[in-house]
Amino acid sequence: MNRALTVDDLVLAGIALAAGLLLAFLSRGMLRWLAGHAKRTRWSGDDVIVDALRTVVPWAALAGGAAAAAAVLPLTRTVQHHTNQFLKVLLIFAVTVSAARVIAGLVRSVTQSRSGVAGSATIFVNITRVLVLAIGFLVMLQTLGISIAPLLTALGVGGLAVALALQDTLANLFAGVHILASKTVQPGDYIQLSSGEEGYVVDINWRQTTVRQLSNNLVVIPNGQLAKTNMTNYTRPEQRLTVLVQVGVGYDSDLDQVERVTHEVIAETMSEITGAVPDHEPAIRFHTFGDSRIGFTVILGVGEFSDQFRIKHEFIKRLHRRYREEGIRIPAPARTVALQQGAVVIPQQRVTDEVPAGLPHTE
């Protein structure tokens, strides 16, 4: 000490501490009031910011009051230095944690708003949080007088060894970042892989993508495998899709009547079944003279992938019932077999064995 501690010093230090506590209390109450107003807004980012400020502002007020009290007291230069260092580290820690919470919350809000689903892409959130905490840790070391240059050099050399040991993990990590950045797949999309797996994307994290099948089972796919495989996304660029239903009628049918009756059944199904798209323009296209029927395709519109099964089910039932009422015949597959002199001749079948004398050879 440069001088003796007096009562005035203690009073001034107490006033500084009390002012810091009062400011922390008032700021916390004000931020609680702001949080109530932020919840009534449509943007979720202000909720995250106010929630983080409720942590950092009171701690900053307490640190400021303690620093003012330490400046008033007749402390030695060493004690004053250590006190200031401690308060700086405490403040940097509070700011770092709050900044990580704010930035991670904003990233989560952006990913949810862009994907339009409840699930979140946790890979961006986790990477952002780790980066902010790492930067805050380095700033704390620099504040304490610890040089971070050797640490960065060691991390660079050690990072190379870790990268070689964790090639698959890092490949999955960067594959997940590429998938989300390119927006080829987002949480909530219905995808189908060339290997057969299909379902709704639940989440994409730092290592794997979780897919929920229609049977409610979860399929875990490494991000590296997802990035390399052929994939069909039934949600992008548009969630609505068309469904093809193959139908056939007999050759004795009136095709104009068939088309009219089919259009009526389509209109009835599209207006009554949940998941159908009534404003979608249906189409009927005759395309094949088959062995026993004239084939045509009915094109229906559905809201999303899982709706097609219910709509096709109802459409086929109603179409079959209506055809029976209208007398439109749906013939069963048939094949004509000709018998000649004890030999069986099947049309469109090539006979390569030797034919007994006196019997014709059929190509």
# chains A, B, ... in the order shown; residues from 1 in each chain; ligands from 1

$ residues_around --residues "region 314-327 of chain A" --least-positions-apart "3" --cutoff "12 Å" --atoms "only C-alpha atoms" --output "JSON, numbers by chain"
{"A": [243, 244, 245, 246, 247, 248, 249, 250, 252, 253, 254, 257, 258, 259, 260, 261, 262, 263, 264, 265, 266, 267, 268, 269, 270, 271, 272, 273, 274, 275, 276, 298, 299, 300, 301, 307, 308, 309, 310, 311, 330, 331]}

$ select_by_dssp --residues "region 168-255 of chain A" --states "strand (DSSP E or B)" --output "ChimeraX atom specification"
/A:190-193,198-204,208-212,218-222,231-233,241-249

$ write_last_selection --atoms "C-alpha atoms" --output "PDB file, in the first residue's frame"
ATOM      1  CA  TYR A 190     -38.684 -36.518 -48.352  1.00  0.00           C
ATOM      2  CA  ILE A 191     -35.758 -38.226 -50.068  1.00  0.00           C
ATOM      3  CA  GLN A 192     -35.083 -41.593 -51.690  1.00  0.00           C
ATOM      4  CA  LEU A 193     -31.562 -42.966 -52.160  1.00  0.00           C
ATOM      5  CA  GLU A 198     -36.252 -43.308 -48.164  1.00  0.00           C
ATOM      6  CA  GLY A 199     -38.110 -41.095 -45.707  1.00  0.00           C
ATOM      7  CA  TYR A 200     -38.332 -37.632 -44.172  1.00  0.00           C
ATOM      8  CA  VAL A 201     -35.068 -35.920 -43.183  1.00  0.00           C
ATOM      9  CA  VAL A 202     -35.242 -35.289 -39.431  1.00  0.00           C
ATOM     10  CA  ASP A 203     -31.846 -33.702 -38.795  1.00  0.00           C
ATOM     11  CA  ILE A 204     -28.397 -33.194 -40.305  1.00  0.00           C
ATOM     12  CA  GLN A 208     -24.788 -38.154 -39.985  1.00  0.00           C
ATOM     13  CA  THR A 209     -28.232 -37.506 -41.416  1.00  0.00           C
ATOM     14  CA  THR A 210     -31.265 -38.999 -39.701  1.00  0.00           C
ATOM     15  CA  VAL A 211     -34.190 -40.070 -41.899  1.00  0.00           C
ATOM     16  CA  ARG A 212     -37.603 -41.113 -40.568  1.00  0.00           C
ATOM     17  CA  LEU A 218     -35.158 -44.001 -38.080  1.00  0.00           C
ATOM     18  CA  VAL A 219     -32.423 -44.582 -40.660  1.00  0.00           C
ATOM     19  CA  VAL A 220     -28.993 -43.100 -39.896  1.00  0.00           C
ATOM     20  CA  ILE A 221     -26.944 -42.265 -43.011  1.00  0.00           C
ATOM     21  CA  PRO A 222     -23.343 -40.942 -42.854  1.00  0.00           C
ATOM     22  CA  MET A 231     -30.756 -39.272 -54.528  1.00  0.00           C
ATOM     23  CA  THR A 232     -34.265 -38.133 -55.439  1.00  0.00           C
ATOM     24  CA  ASN A 233     -35.721 -35.266 -53.415  1.00  0.00           C
ATOM     25  CA  LEU A 241     -46.019 -33.817 -57.257  1.00  0.00           C
ATOM     26  CA  THR A 242     -47.930 -35.847 -59.835  1.00  0.00           C
ATOM     27  CA  VAL A 243     -48.923 -39.502 -59.532  1.00  0.00           C
ATOM     28  CA  LEU A 244     -49.392 -41.870 -62.475  1.00  0.00           C
ATOM     29  CA  VAL A 245     -52.099 -44.565 -62.344  1.00  0.00           C
ATOM     30  CA  GLN A 246     -52.140 -47.157 -65.120  1.00  0.00           C
ATOM     31  CA  VAL A 247     -55.605 -48.317 -66.301  1.00  0.00           C
ATOM     32  CA  GLY A 248     -56.837 -50.552 -69.129  1.00  0.00           C
ATOM     33  CA  VAL A 249     -60.256 -51.144 -70.754  1.00  0.00           C
TER      34      VAL A 249
END

$ select_by_dssp --residues "region 115-275 of chain A" --states "alpha helix (DSSP H)" --output "number ranges by chain"
A: 115, 122-143, 149-165, 167-182, 223-228, 255-272

$ write_last_selection --atoms "C-alpha atoms" --output "PDB file, in the first residue's frame"
ATOM      1  CA  SER A 115     -36.287 -25.011 -44.200  1.00  0.00           C
ATOM      2  CA  THR A 122     -27.668 -28.760 -35.678  1.00  0.00           C
ATOM      3  CA  ILE A 123     -24.408 -28.941 -37.606  1.00  0.00           C
ATOM      4  CA  PHE A 124     -24.286 -25.167 -38.237  1.00  0.00           C
ATOM      5  CA  VAL A 125     -25.354 -24.414 -34.652  1.00  0.00           C
ATOM      6  CA  ASN A 126     -22.635 -26.607 -33.133  1.00  0.00           C
ATOM      7  CA  ILE A 127     -19.887 -25.332 -35.421  1.00  0.00           C
ATOM      8  CA  THR A 128     -20.818 -21.714 -34.698  1.00  0.00           C
ATOM      9  CA  ARG A 129     -20.904 -22.274 -30.940  1.00  0.00           C
ATOM     10  CA  VAL A 130     -17.488 -23.998 -30.910  1.00  0.00           C
ATOM     11  CA  LEU A 131     -15.869 -21.258 -33.009  1.00  0.00           C
ATOM     12  CA  VAL A 132     -17.130 -18.453 -30.772  1.00  0.00           C
ATOM     13  CA  LEU A 133     -16.049 -20.236 -27.582  1.00  0.00           C
ATOM     14  CA  ALA A 134     -12.609 -20.949 -29.073  1.00  0.00           C
ATOM     15  CA  ILE A 135     -12.117 -17.290 -30.004  1.00  0.00           C
ATOM     16  CA  GLY A 136     -13.195 -16.189 -26.519  1.00  0.00           C
ATOM     17  CA  PHE A 137     -10.746 -18.658 -24.934  1.00  0.00           C
ATOM     18  CA  LEU A 138      -7.872 -17.297 -27.006  1.00  0.00           C
ATOM     19  CA  VAL A 139      -8.780 -13.715 -26.028  1.00  0.00           C
ATOM     20  CA  MET A 140      -8.787 -14.743 -22.343  1.00  0.00           C
ATOM     21  CA  LEU A 141      -5.305 -16.229 -22.685  1.00  0.00           C
ATOM     22  CA  GLN A 142      -4.021 -13.113 -24.403  1.00  0.00           C
ATOM     23  CA  THR A 143      -5.537 -10.961 -21.643  1.00  0.00           C
ATOM     24  CA  ALA A 149       1.342 -18.043 -30.968  1.00  0.00           C
ATOM     25  CA  PRO A 150       2.964 -21.289 -29.665  1.00  0.00           C
ATOM     26  CA  LEU A 151      -0.506 -22.642 -28.938  1.00  0.00           C
ATOM     27  CA  LEU A 152      -1.653 -21.939 -32.490  1.00  0.00           C
ATOM     28  CA  THR A 153       1.517 -23.577 -33.851  1.00  0.00           C
ATOM     29  CA  ALA A 154       0.957 -26.648 -31.696  1.00  0.00           C
ATOM     30  CA  LEU A 155      -2.671 -26.775 -32.746  1.00  0.00           C
ATOM     31  CA  GLY A 156      -1.628 -26.617 -36.393  1.00  0.00           C
ATOM     32  CA  VAL A 157       0.797 -29.531 -36.077  1.00  0.00           C
ATOM     33  CA  GLY A 158      -1.554 -31.517 -33.869  1.00  0.00           C
ATOM     34  CA  GLY A 159      -4.470 -30.720 -36.133  1.00  0.00           C
ATOM     35  CA  LEU A 160      -2.673 -32.367 -39.062  1.00  0.00           C
ATOM     36  CA  ALA A 161      -2.233 -35.568 -37.067  1.00  0.00           C
ATOM     37  CA  VAL A 162      -5.833 -35.469 -35.909  1.00  0.00           C
ATOM     38  CA  ALA A 163      -7.039 -34.884 -39.472  1.00  0.00           C
ATOM     39  CA  LEU A 164      -5.185 -37.966 -40.671  1.00  0.00           C
ATOM     40  CA  ALA A 165      -6.629 -40.051 -37.847  1.00  0.00           C
ATOM     41  CA  GLN A 167     -10.480 -38.774 -42.096  1.00  0.00           C
ATOM     42  CA  ASP A 168     -13.925 -40.390 -42.130  1.00  0.00           C
ATOM     43  CA  THR A 169     -15.260 -38.095 -39.411  1.00  0.00           C
ATOM     44  CA  LEU A 170     -13.968 -34.964 -41.143  1.00  0.00           C
ATOM     45  CA  ALA A 171     -15.297 -36.215 -44.487  1.00  0.00           C
ATOM     46  CA  ASN A 172     -18.750 -36.569 -42.935  1.00  0.00           C
ATOM     47  CA  LEU A 173     -18.430 -33.129 -41.343  1.00  0.00           C
ATOM     48  CA  PHE A 174     -17.569 -31.292 -44.563  1.00  0.00           C
ATOM     49  CA  ALA A 175     -20.088 -33.368 -46.504  1.00  0.00           C
ATOM     50  CA  GLY A 176     -22.808 -32.237 -44.093  1.00  0.00           C
ATOM     51  CA  VAL A 177     -21.752 -28.595 -44.452  1.00  0.00           C
ATOM     52  CA  HIS A 178     -21.771 -28.949 -48.255  1.00  0.00           C
ATOM     53  CA  ILE A 179     -25.223 -30.579 -48.250  1.00  0.00           C
ATOM     54  CA  LEU A 180     -26.760 -27.778 -46.196  1.00  0.00           C
ATOM     55  CA  ALA A 181     -24.901 -24.989 -47.972  1.00  0.00           C
ATOM     56  CA  SER A 182     -26.001 -26.248 -51.384  1.00  0.00           C
ATOM     57  CA  ASN A 223     -23.075 -37.557 -44.536  1.00  0.00           C
ATOM     58  CA  GLY A 224     -20.253 -38.762 -46.779  1.00  0.00           C
ATOM     59  CA  GLN A 225     -22.404 -41.585 -48.137  1.00  0.00           C
ATOM     60  CA  LEU A 226     -25.357 -39.234 -48.627  1.00  0.00           C
ATOM     61  CA  ALA A 227     -23.210 -36.797 -50.622  1.00  0.00           C
ATOM     62  CA  LYS A 228     -21.891 -39.539 -52.945  1.00  0.00           C
ATOM     63  CA  LEU A 255     -63.253 -44.461 -75.350  1.00  0.00           C
ATOM     64  CA  ASP A 256     -65.126 -41.152 -75.192  1.00  0.00           C
ATOM     65  CA  GLN A 257     -67.354 -42.594 -72.463  1.00  0.00           C
ATOM     66  CA  VAL A 258     -64.310 -44.005 -70.673  1.00  0.00           C
ATOM     67  CA  GLU A 259     -62.636 -40.602 -70.708  1.00  0.00           C
ATOM     68  CA  ARG A 260     -65.766 -38.805 -69.477  1.00  0.00           C
ATOM     69  CA  VAL A 261     -66.435 -41.262 -66.633  1.00  0.00           C
ATOM     70  CA  THR A 262     -62.781 -41.224 -65.561  1.00  0.00           C
ATOM     71  CA  HIS A 263     -62.772 -37.417 -65.428  1.00  0.00           C
ATOM     72  CA  GLU A 264     -65.847 -37.483 -63.198  1.00  0.00           C
ATOM     73  CA  VAL A 265     -64.211 -39.949 -60.800  1.00  0.00           C
ATOM     74  CA  ILE A 266     -61.045 -37.822 -60.743  1.00  0.00           C
ATOM     75  CA  ALA A 267     -63.030 -34.679 -59.867  1.00  0.00           C
ATOM     76  CA  GLU A 268     -64.874 -36.518 -57.099  1.00  0.00           C
ATOM     77  CA  THR A 269     -61.658 -37.943 -55.614  1.00  0.00           C
ATOM     78  CA  MET A 270     -59.723 -34.664 -55.781  1.00  0.00           C
ATOM     79  CA  SER A 271     -62.470 -32.734 -53.987  1.00  0.00           C
ATOM     80  CA  GLU A 272     -63.137 -35.245 -51.197  1.00  0.00           C
TER      81      GLU A 272
END

$ atom_distance --atom1 "CA of Ser98 (chain A)" --atom2 "CA of Arg54 (chain A)"
9.0 Å

$ residues_around --residues "region 15-22 of chain A" --least-positions-apart "2" --cutoff "8 Å" --atoms "only C-alpha atoms" --output "PDB file with N, CA and C atoms, in the first residue's frame"
ATOM      1  N   VAL A  11     -15.941   3.475   2.519  1.00  0.00           N
ATOM      2  CA  VAL A  11     -17.254   3.999   2.162  1.00  0.00           C
ATOM      3  C   VAL A  11     -17.376   4.136   0.647  1.00  0.00           C
ATOM      4  N   LEU A  12     -16.335   4.695   0.031  1.00  0.00           N
ATOM      5  CA  LEU A  12     -16.377   4.861  -1.428  1.00  0.00           C
ATOM      6  C   LEU A  12     -16.405   3.506  -2.142  1.00  0.00           C
ATOM      7  N   ALA A  13     -15.643   2.530  -1.627  1.00  0.00           N
ATOM      8  CA  ALA A  13     -15.656   1.201  -2.228  1.00  0.00           C
ATOM      9  C   ALA A  13     -17.026   0.551  -2.074  1.00  0.00           C
ATOM     10  N   ALA A  24     -26.961  -3.665 -11.879  1.00  0.00           N
ATOM     11  CA  ALA A  24     -27.233  -5.021 -12.347  1.00  0.00           C
ATOM     12  C   ALA A  24     -28.698  -5.386 -12.123  1.00  0.00           C
ATOM     13  N   PHE A  25     -29.233  -5.020 -10.962  1.00  0.00           N
ATOM     14  CA  PHE A  25     -30.636  -5.325 -10.664  1.00  0.00           C
ATOM     15  C   PHE A  25     -31.574  -4.578 -11.604  1.00  0.00           C
ATOM     16  N   LEU A  26     -31.315  -3.289 -11.815  1.00  0.00           N
ATOM     17  CA  LEU A  26     -32.186  -2.504 -12.688  1.00  0.00           C
ATOM     18  C   LEU A  26     -32.102  -2.981 -14.144  1.00  0.00           C
ATOM     19  N   ALA A  61     -22.145  -5.009 -15.154  1.00  0.00           N
ATOM     20  CA  ALA A  61     -22.378  -4.014 -14.107  1.00  0.00           C
ATOM     21  C   ALA A  61     -21.658  -4.385 -12.821  1.00  0.00           C
ATOM     22  N   LEU A  62     -21.703  -5.668 -12.445  1.00  0.00           N
ATOM     23  CA  LEU A  62     -20.990  -6.101 -11.241  1.00  0.00           C
ATOM     24  C   LEU A  62     -19.482  -5.944 -11.401  1.00  0.00           C
ATOM     25  N   ALA A  63     -18.959  -6.303 -12.588  1.00  0.00           N
ATOM     26  CA  ALA A  63     -17.526  -6.154 -12.829  1.00  0.00           C
ATOM     27  C   ALA A  63     -17.117  -4.681 -12.800  1.00  0.00           C
ATOM     28  N   GLY A  64     -17.945  -3.806 -13.349  1.00  0.00           N
ATOM     29  CA  GLY A  64     -17.642  -2.376 -13.310  1.00  0.00           C
ATOM     30  C   GLY A  64     -17.635  -1.830 -11.889  1.00  0.00           C
ATOM     31  N   GLY A  65     -18.610  -2.250 -11.073  1.00  0.00           N
ATOM     32  CA  GLY A  65     -18.624  -1.809  -9.679  1.00  0.00           C
ATOM     33  C   GLY A  65     -17.423  -2.311  -8.914  1.00  0.00           C
ATOM     34  N   ALA A  66     -17.031  -3.571  -9.133  1.00  0.00           N
ATOM     35  CA  ALA A  66     -15.855  -4.115  -8.449  1.00  0.00           C
ATOM     36  C   ALA A  66     -14.582  -3.401  -8.893  1.00  0.00           C
ATOM     37  N   ALA A  68     -14.382  -0.289  -9.971  1.00  0.00           N
ATOM     38  CA  ALA A  68     -14.388   1.038  -9.351  1.00  0.00           C
ATOM     39  C   ALA A  68     -13.997   0.953  -7.877  1.00  0.00           C
ATOM     40  N   ALA A  69     -14.489  -0.082  -7.174  1.00  0.00           N
ATOM     41  CA  ALA A  69     -14.126  -0.241  -5.768  1.00  0.00           C
ATOM     42  C   ALA A  69     -12.638  -0.519  -5.612  1.00  0.00           C
TER      43      ALA A  69
END

$ atom_distance --atom1 "CA of Thr83 (chain A)" --atom2 "CA of Ala70 (chain A)"
7.4 Å

$ closest_residue --among "A:Ile294, A:Leu53, A:Leu23, A:Val277" --to "Val102 (chain A)" --atoms "only C-alpha atoms"
A:Leu53

$ atom_distance --atom1 "CA of Gln85 (chain A)" --atom2 "CA of Gly29 (chain A)"
28.7 Å

$ residues_around --residues "Val50 (chain A)" --least-positions-apart "4" --cutoff "12 Å" --atoms "only C-alpha atoms" --output "list in words"
Ser27, Arg28, Gly29, Met30, Leu31, Arg32, Trp33, Leu34, Ala35, Gly36, His37, Ala38, Lys39, Ser44, Gly45, Asp46, Arg54, Thr55, Val56, Val57, Ser98, Ala99, Arg101, Val102, Gly105 and Leu106 of chain A
